[in-house]
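Engineer: The following block contains the structure, expressed as structure tokens.
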Amino acid sequence: MAWDPSQYLAFGNERLQPALDLLGRIPLEAPHTVIDLGCGPGNVTKTLKGRWPGAALTGVDGSPEMLERARAEDPDIEWVEADMNDWRPEAQVDLIYSNAALHWLNNHDVLFPQLVKHLAPGGYLAVQMPRNWGAASHTSITEAVHDGPWRKMLEPLLRPAPSHAPSYYYDLLAPETNTLAIWETDYCQILDGENPVAEFVKGTQLKRFLDALDEPVRGEFESDYRARILAAYPKRTDGKTLFPFRRLFILAGV
């Protein structure tokens with residue numbers, strides 16, 4: 001999927017807040033090596049740099065479009081283009097931080113214990129992932145796929161919910177860690193615009209479905225989705241739209 005940094009960052013404040021909330025829970029004072037796994041356009045990586053300016057900081061992402069934006073914003077950070085499924089650090093690190101990225105990967109039963117093994121003693125894995133898959137913002141994608149003439153083309157792109165309940169990650173990580181905290185937060189995002197929830201999802205989950213279609217079918221599919229979303233998340237009398245969004249947090253220490 002070719003990412004669009006501008007579309008993604010159109011809701012930069014809403015996407016940044018969970019990253020800051022996760023960062024605030026990490027108890028490390030002066031880590032030597034910090035990895036931002038799935039760094040995207042680098043806005044969160046710069047926040048990590050601000051907290052630990054003395055750390056060797058590396059941003060890893062599979063999107064050249066995102067990394068181009070990141071390098072332009074801060075060329076002094078080491079940016080690495082790599083498939084996150086295949087990425088391995090050269091040596092153990094003090095912190096692997098990942099904000100809104102690991103849900104794009106499958107096989108969490110293998111992935112998460114493997115990431116913990118890359119931590120140096122006293123190190124932490126800090127992860128935030130969306131867990132909003134049962135909300136209309138995401139179920140409307142499935143409904144739009146199934147109800148239209150594009151079904152045959154788009155149905156293979158549908159996935160089971162890519163992040164799981166807290167108990168799933170507890171069972172994976174408790175045997176591998178010394179400390180473990182798992183929590184969820186429901187953010188009530190207050191958005192501006194005519195159909196802001198559709199615009200929000202267009203920057204992430206919806207994009208790969210749009211990319212699979214050519215015009216005019218692409219426009220028809222997007223219009224179908226936008227109509228569903230506008231009905232599910234109507235604008236309030238003050239012009240605002242409320243978009244509840246659940247996110248899962250994991251902080252695992254070794």
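A note on labels: chains of the structure tokens are A, B, ... as shown, every chain counts residues from 1, and ligands are counted from 1 in their shown order.
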Just list the residues in segment 63-133 of chain A DSSP gives helix (DSSP H, G or I) on the backbone, as a VMD selection string.

Structural biologist: chain A and resid 64 to 73 102 to 104 108 to 117

Engineer: Give me every strand (DSSP E) residue in segment 69-173 of chain A, going by DSSP on the backbone, as a PyMOL selection string.

Structural biologist: chain A and resi 78-81+93-99+119-130

Engineer: Restricting it to C-alpha atoms, dump the selection as a PDB file, in the first residue's frame.

Structural biologist:
ATOM      1  CA  GLU A  78      18.529   7.155  11.388  1.00  0.00           C
ATOM      2  CA  TRP A  79      15.643   6.091   9.145  1.00  0.00           C
ATOM      3  CA  VAL A  80      15.513   2.500   7.881  1.00  0.00           C
ATOM      4  CA  GLU A  81      13.216   1.213   5.155  1.00  0.00           C
ATOM      5  CA  VAL A  93      18.049  -2.857  22.296  1.00  0.00           C
ATOM      6  CA  ASP A  94      16.684  -1.026  25.331  1.00  0.00           C
ATOM      7  CA  LEU A  95      13.321  -0.017  23.883  1.00  0.00           C
ATOM      8  CA  ILE A  96      11.158  -1.145  20.989  1.00  0.00           C
ATOM      9  CA  TYR A  97       8.362   1.376  20.689  1.00  0.00           C
ATOM     10  CA  SER A  98       5.539   0.898  18.188  1.00  0.00           C
ATOM     11  CA  ASN A  99       2.588   3.239  17.801  1.00  0.00           C
ATOM     12  CA  LEU A 119      15.331  -6.530  24.251  1.00  0.00           C
ATOM     13  CA  ALA A 120      18.400  -6.113  26.441  1.00  0.00           C
ATOM     14  CA  PRO A 121      17.975  -6.904  30.152  1.00  0.00           C
ATOM     15  CA  GLY A 122      15.913  -4.127  31.695  1.00  0.00           C
ATOM     16  CA  GLY A 123      14.471  -3.200  28.298  1.00  0.00           C
ATOM     17  CA  TYR A 124      10.859  -2.606  27.294  1.00  0.00           C
ATOM     18  CA  LEU A 125       8.460  -3.318  24.472  1.00  0.00           C
ATOM     19  CA  ALA A 126       5.883  -0.516  24.261  1.00  0.00           C
ATOM     20  CA  VAL A 127       3.004  -0.981  21.811  1.00  0.00           C
ATOM     21  CA  GLN A 128      -0.201   0.830  20.930  1.00  0.00           C
ATOM     22  CA  MET A 129      -2.658  -0.597  18.406  1.00  0.00           C
ATOM     23  CA  PRO A 130      -6.196   0.323  17.367  1.00  0.00           C
TER      24      PRO A 130
END

Engineer: Choose the residue, out of A:Ala161, A:Ile141, A:Leu16, A:Ala101, that has the smallest atom-to-atom separation from Ile229 of chain A; count only C-alpha atoms.

Structural biologist: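 For Ile229 of chain A, the nearest of the given residues is A:Ile141.
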
Engineer: Near segment 165-171 of chain A, within 9 Å and counting only C-alpha atoms, which residues show up once chain neighbours fewer than 3 positions away are dropped, as a PyMOL selection string?

Structural biologist: chain A and resi 108-109+112+131+174-175+180-184+248-250

Engineer: Considering only C-alpha atoms, can you say which of A:Pro89, A:Leu242, A:Leu111, A:Thr33 comes closest to Cys188 of chain A?

Structural biologist: A:Leu242

Engineer: Select, from A:Leu230, A:Leu213, A:Leu20, A:Val34, the residue with the minimum atom-to-atom distance to Glu194 of chain A, counting only C-alpha atoms.

Structural biologist: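 Of all the options, A:Leu230 lies closest to Glu194 of chain A.
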
Engineer: Between A:Thr45, A:Gln114, A:Asn106, A:Thr237, which residue has the minimum interatomic distance to Trp87 of chain A, considering only C-alpha atoms?

Structural biologist: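 Checking each of A:Thr45, A:Gln114, A:Asn106, A:Thr237 against Trp87 of chain A, counting only C-alpha atoms, the winner is A:Gln114.
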
Engineer: Hey, which of A:His164, A:Ala198, A:Phe243, A:Phe221 ends up closest to Arg151 of chain A? Count only C-alpha atoms.

Structural biologist: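 Ranked by minimum distance to Arg151 of chain A, first place goes to A:Phe221.
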
Engineer: Measuring atom to atom with only C-alpha atoms, identify which of A:Gly203, A:Pro53, A:Gly59, A:Gly38 is nearest to Met84 of chain A.

Structural biologist: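 For Met84 of chain A, the nearest of the given residues is A:Gly38.
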
Engineer: Would you work out the distance separating atom CA of Ser137 of chain A from atom CA of Pro64 of chain A, expressed in Å to one decimal?

Structural biologist: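 Answer for the atom CA of Ser137 of chain A to atom CA of Pro64 of chain A separation: 27.1 Å.
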
Engineer: If we count only C-alpha atoms, what is near Ala212 of chain A at a cut-off of 12 Å, once residues fewer than 4 positions away on the same chain are taken out, given as an mmCIF file with C-alpha atoms, in the first residue's frame?

Structural biologist:
data_model
loop_
_atom_site.group_PDB
_atom_site.id
_atom_site.type_symbol
_atom_site.label_atom_id
_atom_site.label_comp_id
_atom_site.auth_asym_id
_atom_site.auth_seq_id
_atom_site.Cartn_x
_atom_site.Cartn_y
_atom_site.Cartn_z
ATOM 1 C CA MET A 1 0.000 0.000 0.000
ATOM 2 C CA ALA A 2 1.361 3.434 -0.962
ATOM 3 C CA VAL A 145 -17.403 -4.342 -0.035
ATOM 4 C CA TRP A 150 -16.606 -4.492 -6.620
ATOM 5 C CA ARG A 151 -17.098 -7.376 -4.181
ATOM 6 C CA LYS A 152 -15.088 -9.946 -6.130
ATOM 7 C CA MET A 153 -12.128 -7.587 -6.400
ATOM 8 C CA LEU A 154 -12.138 -6.258 -2.841
ATOM 9 C CA GLU A 155 -13.265 -9.212 -0.751
ATOM 10 C CA PRO A 156 -9.765 -10.810 -0.680
ATOM 11 C CA LEU A 157 -8.512 -7.658 1.065
ATOM 12 C CA LEU A 206 -9.791 2.427 3.783
ATOM 13 C CA LYS A 207 -6.809 3.314 1.626
ATOM 14 C CA ARG A 208 -5.832 -0.180 0.530
ATOM 15 C CA VAL A 217 -15.313 2.453 -9.613
ATOM 16 C CA ARG A 218 -12.968 3.815 -6.972
ATOM 17 C CA GLY A 219 -15.045 6.958 -6.635
ATOM 18 C CA PHE A 221 -16.931 2.733 -3.730
ATOM 19 C CA GLU A 222 -15.685 5.706 -1.717
#

Engineer: In Å, how far is it from atom CA of Ser140 of chain A to atom CA of Pro18 of chain A?

Structural biologist: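 Pair atom CA of Ser140 of chain A / atom CA of Pro18 of chain A returns 23.8 Å.
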
Engineer: Grab the atom CA of Asn178 of chain A to atom CA of Gln92 of chain A distance for me, in Å with one decimal place.

Structural biologist: 16.6 Å

Engineer: Quick one: everything within 8 Å of Pro113 of chain A, counting only C-alpha atoms, minus sequence neighbours fewer than 2 positions away in the same chain. Send it as an MDAnalysis selection string.

Structural biologist: chainID A and resid 109:111 115:117 172:173 176

Engineer: Write the selection just made, keeping N, CA and C atoms, as a short mmCIF file (atom, residue, chain, number, x, y, z; two decimals), in the first residue's frame?

Structural biologist:
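Listed below is the output, selection_17.cif:
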data_model
loop_
_atom_site.label_atom_id
_atom_site.label_comp_id
_atom_site.auth_asym_id
_atom_site.auth_seq_id
_atom_site.Cartn_x
_atom_site.Cartn_y
_atom_site.Cartn_z
N ASP A 109 1.05 -14.17 17.44
CA ASP A 109 1.51 -15.20 18.36
C ASP A 109 2.99 -15.48 18.22
N VAL A 110 3.54 -15.21 17.05
CA VAL A 110 4.98 -15.34 16.80
C VAL A 110 5.68 -14.00 16.97
N LEU A 111 5.06 -12.94 16.46
CA LEU A 111 5.68 -11.63 16.42
C LEU A 111 6.01 -11.08 17.81
N LEU A 115 9.70 -10.10 19.38
CA LEU A 115 10.14 -8.74 19.68
C LEU A 115 10.73 -8.66 21.08
N VAL A 116 10.14 -9.34 22.04
CA VAL A 116 10.65 -9.32 23.40
C VAL A 116 12.06 -9.89 23.46
N LYS A 117 12.35 -10.87 22.64
CA LYS A 117 13.68 -11.48 22.65
C LYS A 117 14.76 -10.52 22.14
N LEU A 172 0.44 -14.44 25.77
CA LEU A 172 1.67 -14.49 24.97
C LEU A 172 2.88 -13.98 25.73
N LEU A 173 2.70 -12.90 26.47
CA LEU A 173 3.85 -12.16 26.99
C LEU A 173 4.17 -12.43 28.45
N GLU A 176 7.16 -14.50 29.12
CA GLU A 176 8.41 -14.02 28.53
C GLU A 176 8.94 -12.74 29.19
#

Engineer: I want to know what sits within 12 Å of Gly54 of chain A, based on only C-alpha atoms, with residues of the same chain fewer than 4 positions away left out; could you give that as a PyMOL selection string?

Structural biologist: chain A and resi 29-34+48-50+77
